[in-house]
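Worksheet: the structure to be examined is printed underneath.
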Amino acid sequence: MKIAFSGSAGTGKTTLAKLLAEELGVPYFEEGMRARLEKGLDLHSLDIEGHRQLMRDMWAEQSAQEQAAPGGFVADRSSLDYAAFWMHYGLYEDHEATEAFMASMCVHGEAYDRVVLLPWGVLPLEADGVRTTNRWVQLRYQGILEGCLRQFLPEEKLLVVPELTDLQQRREFVLSALQ
């Protein structure tokens with residue numbers, strides 16, 4: 001299966017995605033932003049076009065990984081997460097670039113067997129020096145993401161995880177829904 005995990009920072013995507021990939025015996029694809037931030041990328045130093053290029057580059061990397069795994073994978077982000085980032089960071093003023101990027105993200109969204117959406121605000125945000133612990137920034141992104149997923153992903157492909165805090169309960173819920 002081709003599965004992508006979605007949600008704002010701190011929702012537990014990485015932990016659950018890694019566990020599921022191991023259990024299913026498929027590759028896990030890490031999101032590209034964390035590694036960049038850990039290496040010193042300062043998002044505030046980028047202008048609008050720099051942000052657009054960053055989204056394109058990160059998507060190109062993930063897309064290449066996904067295409068190289070025809071037997072299935074679990075990805076820590078979906079193409080529609082990148083669409084939501086595009087909106088969240090206000091990159092939509094260039095209408096032509098936005099139409100092209102959004103169309104590409106939507107078409108790719110159809111290739112997933114399931115996109116697993118984790119709920120905002122259920123787990124405490126941990127200060128890790130990489131992501132913001134401002135819950136309202138995370139809620140803003142989550143709202144945009146949920147709108148993109150509901151608007152552009154076929155309903156049967158979206159798996160919304162309930163407000164469970166226990167990892168094993170989350171795991172069981174996702175595995176049960178995938179069968």
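Identifiers in this document derive from the order of the structure tokens: chains are assigned A, B, ..., residues are numbered from 1 separately in each chain, and ligands are numbered from 1 in order of occurrence.
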Dump as a Markdown table the rows for residues of region 29-108 of chain A within 8 Å of region 122-145 of chain A: closest atom pair and distance in Å with one decimal, only C-alpha atoms counted, ordered by chain and rising residue number.
```
| residue | atom | partner | partner_atom | distance |
| --- | --- | --- | --- | --- |
| A:Arg34 | CA | A:Val130 | CA | 6.9 |
| A:Leu37 | CA | A:Val130 | CA | 6.2 |
| A:Glu38 | CA | A:Val130 | CA | 6.6 |
| A:Leu80 | CA | A:Leu145 | CA | 7.2 |
| A:Asp81 | CA | A:Leu145 | CA | 6.2 |
| A:Ala83 | CA | A:Leu145 | CA | 7.9 |
| A:Ala84 | CA | A:Leu145 | CA | 4.9 |
| A:Phe85 | CA | A:Tyr141 | CA | 7.3 |
| A:Met87 | CA | A:Ile144 | CA | 7.3 |
| A:His88 | CA | A:Tyr141 | CA | 5.9 |
```
Near-Leu20 (chain A) list (12 Å; only C-alpha atoms; drop same-chain fewer than 2 positions) as a PyMOL selection string: chain A and resi 1-5+13-18+22-29+73-76+116+167-168+170-176+178
Tell me, in Å to one decimal, how far CA of Leu158 (chain A) is from CA of Arg52 (chain A).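 According to the coordinates, CA of Leu158 (chain A) and CA of Arg52 (chain A) are separated by 26.1 Å.
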Compare A:Leu118, A:Cys106, A:Ala111, A:Met58 by their minimum atom-to-atom distance to Gln151 (chain A), counting only C-alpha atoms, and give me the closest one.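 Among the listed residues, A:Cys106 lies closest to Gln151 (chain A).
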Which residues are close to Trp86 (chain A), i.e. within 9 Å by only C-alpha atoms, leaving aside same-chain residues fewer than 4 positions away? Reply as a list of chain:residue names. A:His51, A:Arg52, A:Met55, A:Asp81, A:Tyr82, A:Gly90, A:Leu91, A:Tyr92, A:Thr98, A:Phe101, A:Met102
Which of these, A:Val115, A:Glu156, A:Glu146, A:Glu31, has the shortest distance to Gln65 (chain A) once you count only C-alpha atoms?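 Residue with the minimum atom-to-atom distance to Gln65 (chain A): A:Glu31.
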Please extract the residues of chain A with a backbone DSSP assignment of helix (DSSP H, G or I) and present them as number ranges by chain. A: 13-24, 32-38, 43-45, 48-67, 79-88, 91-93, 95-109, 135-152, 155-157, 167-178
Counting only C-alpha atoms, which residue out of A:Cys148, A:Ala9, A:Leu54, A:Ala21 sits closest to Ala103 (chain A)?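 Answer, going by the shortest atom-to-atom distance: A:Cys148.
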Counting only C-alpha atoms, figure out which residue out of A:Ser45, A:Thr165, A:Thr11, A:Ser6 gets nearest to Leu149 (chain A). A:Ser6
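Here CA of Leu159 (chain A) and CA of Ser104 (chain A) stand 21.6 Å from one another.
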